[in-house]
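Okay, so here's the structure we're looking at.
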Amino acid sequence: MKAFTQHQGLVAPLDRANVDTDQIIPKQFLKSIKRTGFGENLFDEWRYLDEGQPGQDNSKRPVNTEFVLNQPRYQGASILLAQENFGCGSSREHAPWALDEYGFRAIIAPSFADIFYNNSFKNGLLPIILPQAAVDELMKLTVDNEGYQLTVDLAQQKVIRADGVSYDFEVDAFRKHCLLNGLDDIGLTLQDEDVIRSFEAGYKQKYPWLFGALTG
Amino acid sequence: MAGKTLYDKLWEMHEVKRRDDGSSLIYIDRHILHEVTSPQAFEGLRLAGRQPWRIDANIATPDHNVPTTKAERAGGINAIKDEVSRIQVQTLDDNCIDFGILQFPMNDIRQGIVHVIGPEQGATLPGMTIVCGDSHTSTHGAFGALAHGIGTSEVEHVLATQCLVAKKMKNMQVRVEGKLGAGVTAKDIVLAIIGKIGTAGGNGHALEFAGSAIRDLSMEGRMTICNMSIEAGARVGMVAVDEKTIEYVKGRPYAPKGADWDTAVALWETLVSDEDAHFDTVIEMRAEDIKPQVSWGTSPEMVLPVDANVPDPAKESDPVKKDSIERALKYMGLEANQAITDIKLDRVFIGSCTNSRIEDLRAAAEVAKGRKVADNIIQAMVVPGSGLVKKQAEEEGLDKIFIEAGFEWREPGCSMCLAMNPDKLGSGEHCASTSNRNFEGRQGNGGRTHLVSPAMAAAAAVTGHFVDVRELMQGAN
Ligand code: SF4
């Protein structure tokens with residue numbers, strides 16, 4: 001997994017609540033058996049006026065010029081500012097894959113749906129929870145100032161404005177450690193292989209019916 | 001010291017190790033796989049040269065992509081017309097063979113929606129931790145199990161380590177007391193709960209559904225409720241174990257037998273929240289207050305009783321809410337204050353892991369019996385949740401009732417719940433659907449979904465618009 005330490009970048013405002021995973025990456029694109037290729041279809045139903053299909057040449061499709069990410073001033077944005085309950089809906093990890101591939105490194109919102117929040121960390125994408133008032137303030141600053149940038153410092157747990165004002169955010173110690181160092185979760189868990197094996201042995205004695213029933 | 005909640009007990013039973021940073025390793029008993037969220041996980045395993053930790057904990061079936069017409073199913077995987085769908089279904093098949101994982105492949109009678117087949121086969125048991133790369137895994141919590149959806153990285157993590165890294169959530173209890181009226185179902189309860197607490201209401205919590213109205217529900221009704229916990233923002237929804245749970249599990253193909261059965265039952269009987277358990281949040285509702293529900297907007301919390309009118313954004317003072325109401329009305333093609341019963345429908349979908357079990361089909365058939373699908377309905381389809389549900393329904397003659405009334409009777413799968421296969425809404429079409437999500441485009445680009453119970457969907461099909469199903473029931477008496 002790629003590490004996340006500090007990132008400075010252009011901010012894009014997506015000022016709506018309950019943005020769901022069907023919106024982030026519509027289901028027709030989930031048919032891929034690969035982990036890549038989703039960025040092009042991030043927010044597909046909002047970005048384009050027609051219905052997108054996998055493998056299509058997007059440069060030939062009618063663009064929805066009203067959608068915020070299509071505005072020239074937000075091209076190259078890497079920090080997404082969103083509203084409450086961002087990422088609600090399905091467990092598809094294709095949602096963080098698509099955001100990441102499009103170029104986002106961090107998402108700031110007053111709240112996130114649990115599974116999306118979890119999936120983001122596993123893909124080097126940092127979801128940041130800030131109070132509603134702070135998000136509203138940043139939303140306004142972003143809209144009012146073309147080229148508005150923010151710095152996200154994970155080690156310090158701060159979102160820093162160019163004028164020096166900063167906002168603290170909470171992040172779980174384990175997730176922070178993994179993200180700062182780009183650590184692979186599975187490798188870390190397997191360091192505890194012996195602990196798992198001995199738990200499993202005791203567990204199997206107590207609950208024998210949980211073992212061996214399903215065989216392929 | 002306060003007693004323990006059901007969630008506390010399940011958590012303790014499976015906690016392998018607490019790490020210094022407050023996260024824990026949780027042991028996973030059952031892992032269910034389907035074709036959409038597993039290919040990248042198997043690929044990851046191969047790339048890292050890892051083997052699954054415990055083959056016998058896994059069970060797989062294709063559901064999201066499979067076609068549901070007899071004709072397209074007849075030719076097997078090779079005959080799936082959509083190439084990308086075919087590759088996904090084929091990839092699951094290949095991976096299960098390669099790694100020796102038990103799979104119910106496409107035309108096996110046991111194939112079906114992941115959340116229908118687990119309980120049906122006894123692969124879902126009380127006291128288990130159950131995960132699947134699908135957010136509606138909360139369904140299995142109806143058995144007093146700790147069940148939730150995971151992403152693809154976690155699918156790989158569970159395959160490789162039999163564990164997940166997790167942090168304990170907070171406890172929330174939703175109590176529904178009293179007696180449900182006739183014609184009001186588990187689906188209406190859960191829609192009413194979501195309408196009350198909102199789609200983020202359960203974030204960070206494990207939900208336990210309790211109270212006399214929940215106890216009175218059948219296991220299938222409890223599954224419908226737990227299924228939609230995720231629409232209330234909670235990854236986990238549960239109901240405590242009682243005689244109904246144990247009765248339901250007994251004799252299923254993968255349920256414990258003989259001496260194991262007795263030991264298992266002794267454990268299962270303890271899977272209830274203690275009298276003095278502490279819940280961080282408690283929500284209370286009266287069953288008598290719940291009417292048949294219909295969602296009008298583009299989020300499951302945008303739901304109202306069938307006799308209500310759609311909201312008027314002008315009456316909303318909160319600007320964010322006002323904006324979402326306006327957006328939703330526009331997308332749904334509805335007028336502010338319009339009566340829900342005036343919404344004209346184009347299609348009807350009865351199916352999905354929320355409502356595709358035998359009792360759901362019986363409830364819909366009861367309404368459809370002797371009636372005809374209205375002329376303005378382009379298509380009304382019934383998609384059983386598994387091959388075995390389909391068989392059972394056919395033995396009871398439900399298929400005939402549906403076909404007679406003008407419904408299509410399909411092969412099992414997710415179908416129009418998320419429209420990854422050819423079953424979809426056209427742009428602008430309104431659908432009465434027994435599924436769980438009414439997001440923009442969920443059932444097809446530009447499609448307009450209204451979430452309802454199976455009985456309400458059947459009533460909508462035969463009248464062409466929403467109607468309080470209780471009126472039809474009285475008419476029949
Ligand atoms: S029926 Fe719908 S919600 Fe359920 S697993 Fe399939 S796609 Fe997901």
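Residue numbering restarts at 1 for every chain of the structure tokens, chains are lettered A, B, ... in their displayed order, and ligands are numbered from 1 as they appear.
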Exercise. As an MDAnalysis selection string, which residues of stretch 15-173 of chain A does DSSP assign to alpha helix (DSSP H)?
Worked result: chainID A and resid 21:24 44:47 94:102 114:121 132:144 173
Can I get the selected residues back with N, CA, C and O atoms, as a compact mmCIF listing (two decimals), in the first residue's frame?
```txt
# COMPACT_ATOMS: atom_id res chain seq x y z
N THR A 21 -22.22 4.92 -2.76
CA THR A 21 -21.22 4.24 -3.59
C THR A 21 -21.73 3.96 -5.01
O THR A 21 -20.93 3.84 -5.92
N ASP A 22 -23.05 3.89 -5.20
CA ASP A 22 -23.57 3.75 -6.56
C ASP A 22 -23.28 5.02 -7.37
O ASP A 22 -23.17 4.98 -8.58
N GLN A 23 -23.19 6.13 -6.67
CA GLN A 23 -22.86 7.39 -7.33
C GLN A 23 -21.36 7.46 -7.59
O GLN A 23 -20.92 7.93 -8.62
N ILE A 24 -20.59 7.04 -6.62
CA ILE A 24 -19.13 7.13 -6.74
C ILE A 24 -18.64 6.27 -7.91
O ILE A 24 -17.87 6.72 -8.73
N ASP A 44 -19.60 8.62 -12.56
CA ASP A 44 -19.94 8.57 -13.99
C ASP A 44 -21.30 9.21 -14.33
O ASP A 44 -21.43 9.94 -15.30
N GLU A 45 -22.32 8.93 -13.51
CA GLU A 45 -23.65 9.44 -13.85
C GLU A 45 -23.75 10.94 -13.69
O GLU A 45 -24.65 11.57 -14.23
N TRP A 46 -22.86 11.52 -12.92
CA TRP A 46 -22.86 12.98 -12.77
C TRP A 46 -21.93 13.65 -13.78
O TRP A 46 -22.15 14.75 -14.22
N ARG A 47 -20.87 12.92 -14.13
CA ARG A 47 -19.90 13.54 -15.03
C ARG A 47 -20.36 13.57 -16.48
O ARG A 47 -19.99 14.44 -17.25
N HIS A 94 -14.33 -0.75 -4.90
CA HIS A 94 -14.16 -0.03 -6.16
C HIS A 94 -14.36 1.47 -5.95
O HIS A 94 -13.83 2.27 -6.71
N ALA A 95 -15.10 1.86 -4.90
CA ALA A 95 -15.32 3.29 -4.64
C ALA A 95 -14.01 3.99 -4.26
O ALA A 95 -13.61 4.94 -4.93
N PRO A 96 -13.30 3.53 -3.22
CA PRO A 96 -11.99 4.15 -2.96
C PRO A 96 -11.00 3.94 -4.11
O PRO A 96 -10.19 4.84 -4.38
N TRP A 97 -11.07 2.80 -4.80
CA TRP A 97 -10.16 2.60 -5.94
C TRP A 97 -10.39 3.70 -6.97
O TRP A 97 -9.44 4.26 -7.53
N ALA A 98 -11.65 4.00 -7.25
CA ALA A 98 -11.97 5.00 -8.27
C ALA A 98 -11.53 6.39 -7.83
O ALA A 98 -10.95 7.15 -8.61
N LEU A 99 -11.77 6.73 -6.58
CA LEU A 99 -11.38 8.05 -6.07
C LEU A 99 -9.85 8.21 -6.12
O LEU A 99 -9.32 9.23 -6.54
N ASP A 100 -9.19 7.16 -5.71
CA ASP A 100 -7.73 7.17 -5.68
C ASP A 100 -7.17 7.32 -7.10
O ASP A 100 -6.30 8.15 -7.37
N GLU A 101 -7.72 6.53 -8.00
CA GLU A 101 -7.19 6.55 -9.36
C GLU A 101 -7.47 7.88 -10.07
O GLU A 101 -6.69 8.32 -10.90
N TYR A 102 -8.58 8.50 -9.71
CA TYR A 102 -8.90 9.81 -10.30
C TYR A 102 -7.88 10.85 -9.83
O TYR A 102 -7.64 11.84 -10.49
N ASP A 114 -19.40 3.70 7.57
CA ASP A 114 -18.36 2.88 8.20
C ASP A 114 -17.52 2.06 7.23
O ASP A 114 -16.30 2.03 7.32
N ILE A 115 -18.18 1.34 6.32
CA ILE A 115 -17.41 0.42 5.47
C ILE A 115 -16.53 1.21 4.50
O ILE A 115 -15.37 0.88 4.29
N PHE A 116 -17.08 2.29 3.96
CA PHE A 116 -16.28 3.12 3.06
C PHE A 116 -15.05 3.68 3.78
O PHE A 116 -13.94 3.69 3.25
N TYR A 117 -15.26 4.13 4.99
CA TYR A 117 -14.19 4.71 5.81
C TYR A 117 -13.05 3.69 5.95
O TYR A 117 -11.89 3.98 5.71
N ASN A 118 -13.45 2.50 6.31
CA ASN A 118 -12.52 1.40 6.48
C ASN A 118 -11.78 1.06 5.19
O ASN A 118 -10.57 0.92 5.17
N ASN A 119 -12.53 0.94 4.11
CA ASN A 119 -11.93 0.57 2.82
C ASN A 119 -10.93 1.62 2.36
O ASN A 119 -9.94 1.29 1.70
N SER A 120 -11.18 2.89 2.65
CA SER A 120 -10.30 3.95 2.18
C SER A 120 -8.90 3.78 2.73
O SER A 120 -7.91 3.87 2.00
N PHE A 121 -8.81 3.52 4.03
CA PHE A 121 -7.50 3.36 4.65
C PHE A 121 -6.69 2.24 4.00
O PHE A 121 -5.48 2.29 3.94
N GLN A 132 -18.97 19.78 11.32
CA GLN A 132 -19.79 20.39 10.27
C GLN A 132 -19.41 21.85 10.02
O GLN A 132 -19.29 22.29 8.88
N ALA A 133 -19.20 22.60 11.10
CA ALA A 133 -18.91 24.04 10.93
C ALA A 133 -17.61 24.24 10.16
O ALA A 133 -17.51 25.11 9.29
N ALA A 134 -16.62 23.39 10.44
CA ALA A 134 -15.34 23.52 9.75
C ALA A 134 -15.51 23.16 8.27
O ALA A 134 -14.96 23.83 7.39
N VAL A 135 -16.28 22.11 8.00
CA VAL A 135 -16.51 21.71 6.61
C VAL A 135 -17.23 22.83 5.86
O VAL A 135 -16.86 23.20 4.74
N ASP A 136 -18.24 23.42 6.50
CA ASP A 136 -18.98 24.51 5.85
C ASP A 136 -18.07 25.69 5.56
O ASP A 136 -18.13 26.30 4.48
N GLU A 137 -17.20 25.97 6.50
CA GLU A 137 -16.26 27.08 6.32
C GLU A 137 -15.32 26.81 5.15
O GLU A 137 -15.12 27.66 4.27
N LEU A 138 -14.80 25.59 5.10
CA LEU A 138 -13.88 25.23 4.01
C LEU A 138 -14.60 25.20 2.67
O LEU A 138 -14.05 25.56 1.63
N MET A 139 -15.86 24.77 2.69
CA MET A 139 -16.68 24.72 1.48
C MET A 139 -16.76 26.14 0.90
O MET A 139 -16.57 26.35 -0.29
N LYS A 140 -17.02 27.09 1.76
CA LYS A 140 -17.18 28.48 1.32
C LYS A 140 -15.84 29.02 0.80
O LYS A 140 -15.78 29.63 -0.27
N LEU A 141 -14.77 28.77 1.55
CA LEU A 141 -13.45 29.25 1.12
C LEU A 141 -13.07 28.66 -0.24
O LEU A 141 -12.53 29.35 -1.11
N THR A 142 -13.40 27.39 -0.42
CA THR A 142 -13.05 26.73 -1.68
C THR A 142 -13.82 27.35 -2.85
O THR A 142 -13.25 27.63 -3.91
N VAL A 143 -15.11 27.56 -2.64
CA VAL A 143 -15.93 28.12 -3.71
C VAL A 143 -15.53 29.57 -4.01
O VAL A 143 -15.45 29.99 -5.16
N ASP A 144 -15.23 30.31 -2.96
CA ASP A 144 -14.92 31.74 -3.13
C ASP A 144 -13.53 32.01 -3.70
O ASP A 144 -13.30 33.08 -4.26
N ALA A 173 -5.01 4.98 15.94
CA ALA A 173 -3.54 4.83 15.97
C ALA A 173 -3.03 3.76 15.00
O ALA A 173 -2.03 3.96 14.31
```
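Among all protein and nucleic acid residues, the ones that lie within 8 Å of ligand 1 when counting only C-alpha atoms and all ligand atoms are Ser90 of chain A; Asp63, His64, Ile113, Val114, His115, Asp134, Ser135, His136, Thr137, Gly351, Ser352, Cys353, Thr354, Gly385, Gly413, Cys414, Ser415, Met416, Cys417, Leu418, Ala419, Ser435, Asn436 and Arg437 of chain B.
Across the structure, atom CA of B:Val462 and atom CA of B:Ala374 are spaced 4.9 Å apart.
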Exercise. For chain A against chain B, which residues fall within 8 Å using only C-alpha atoms, given as a PyMOL selection string?
Worked result: chain A and resi 16-18+20+22-23+26-28+30-35+45+51+85+88-93+113-115+119+122+172-174+185-186+189-190+193+195-196+199+207-216
For this session: Do a neighbour search on A:Lys60 at 12 Å with only C-alpha atoms, toss out local chain neighbours closer than 2 positions, and write the hits as a ChimeraX atom specification.
Result: /A:48-50,52,56-58,62-63
File of the preceding selection, C-alpha atoms, as a PDB file, in the first residue's frame:
```pdb
ATOM      1  CA  TYR A  48     -21.557  12.457 -18.257  1.00  0.00           C
ATOM      2  CA  LEU A  49     -24.993  12.986 -19.741  1.00  0.00           C
ATOM      3  CA  ASP A  50     -25.302   9.518 -21.250  1.00  0.00           C
ATOM      4  CA  GLY A  52     -21.558   4.893 -19.461  1.00  0.00           C
ATOM      5  CA  GLN A  56     -16.051   2.965 -23.729  1.00  0.00           C
ATOM      6  CA  ASP A  57     -14.014   5.872 -25.085  1.00  0.00           C
ATOM      7  CA  ASN A  58     -15.020   8.570 -22.606  1.00  0.00           C
ATOM      8  CA  PRO A  62     -21.385  14.215 -23.727  1.00  0.00           C
ATOM      9  CA  VAL A  63     -20.012  15.887 -20.613  1.00  0.00           C
TER      10      VAL A  63
END
```
Exercise. Residues of stretch 76-203 of chain B in strand (DSSP E) according to DSSP, as a ChimeraX atom specification?
Worked result: /B:102-103,129-132,146-149,163-166,170-177
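Candidate residues A:Leu125, A:Val159, A:Leu80, A:Ala201 were compared for distance to A:Cys178, and the nearest is A:Leu125, using only C-alpha atoms.
Remark: for A:Arg73, the closest of the candidate residues A:Ile107, A:Ile128, A:Ala162, A:Ala12 is A:Ala12 (distances computed over only C-alpha atoms).
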Fewer than 3 positions away in the same chain doesn't count, so skip those; otherwise give me all residues within 12 Å of A:Gly76, counting only C-alpha atoms, as a short mmCIF file (atom, residue, chain, number, x, y, z; two decimals) with C-alpha atoms, in the first residue's frame.
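Okay, this is what ended up in part27.cif:
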```
data_model
loop_
_atom_site.label_atom_id
_atom_site.label_comp_id
_atom_site.auth_asym_id
_atom_site.auth_seq_id
_atom_site.Cartn_x
_atom_site.Cartn_y
_atom_site.Cartn_z
CA GLN A 8 -0.83 19.57 -0.31
CA GLY A 9 -3.34 19.93 -3.11
CA LEU A 10 -6.23 21.62 -4.85
CA VAL A 11 -9.61 21.22 -3.15
CA ALA A 12 -12.87 20.34 -4.93
CA LEU A 69 -15.54 18.14 -11.04
CA ASN A 70 -15.98 19.06 -14.70
CA GLN A 71 -15.36 22.73 -14.08
CA PRO A 72 -11.94 23.84 -15.34
CA ARG A 73 -11.02 25.39 -11.98
CA ILE A 79 -8.62 16.79 -1.89
CA LEU A 80 -12.36 16.23 -1.96
CA GLU A 101 -7.19 6.55 -9.36
CA TYR A 102 -8.90 9.81 -10.30
CA GLY A 103 -6.28 11.53 -8.19
CA PHE A 104 -7.83 12.12 -4.78
CA ARG A 105 -5.56 11.52 -1.80
CA GLY A 147 -7.23 27.54 -6.89
CA TYR A 148 -7.89 26.99 -3.18
CA GLN A 149 -5.44 24.55 -1.64
#
```
Seminar exercise, completed: What separates atom CA of B:Ser212 and atom CA of B:Val190 is a distance of 14.7 Å
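Relative to atom CA of B:Gln51, atom CA of A:Arg197 is found at 15.1 Å.
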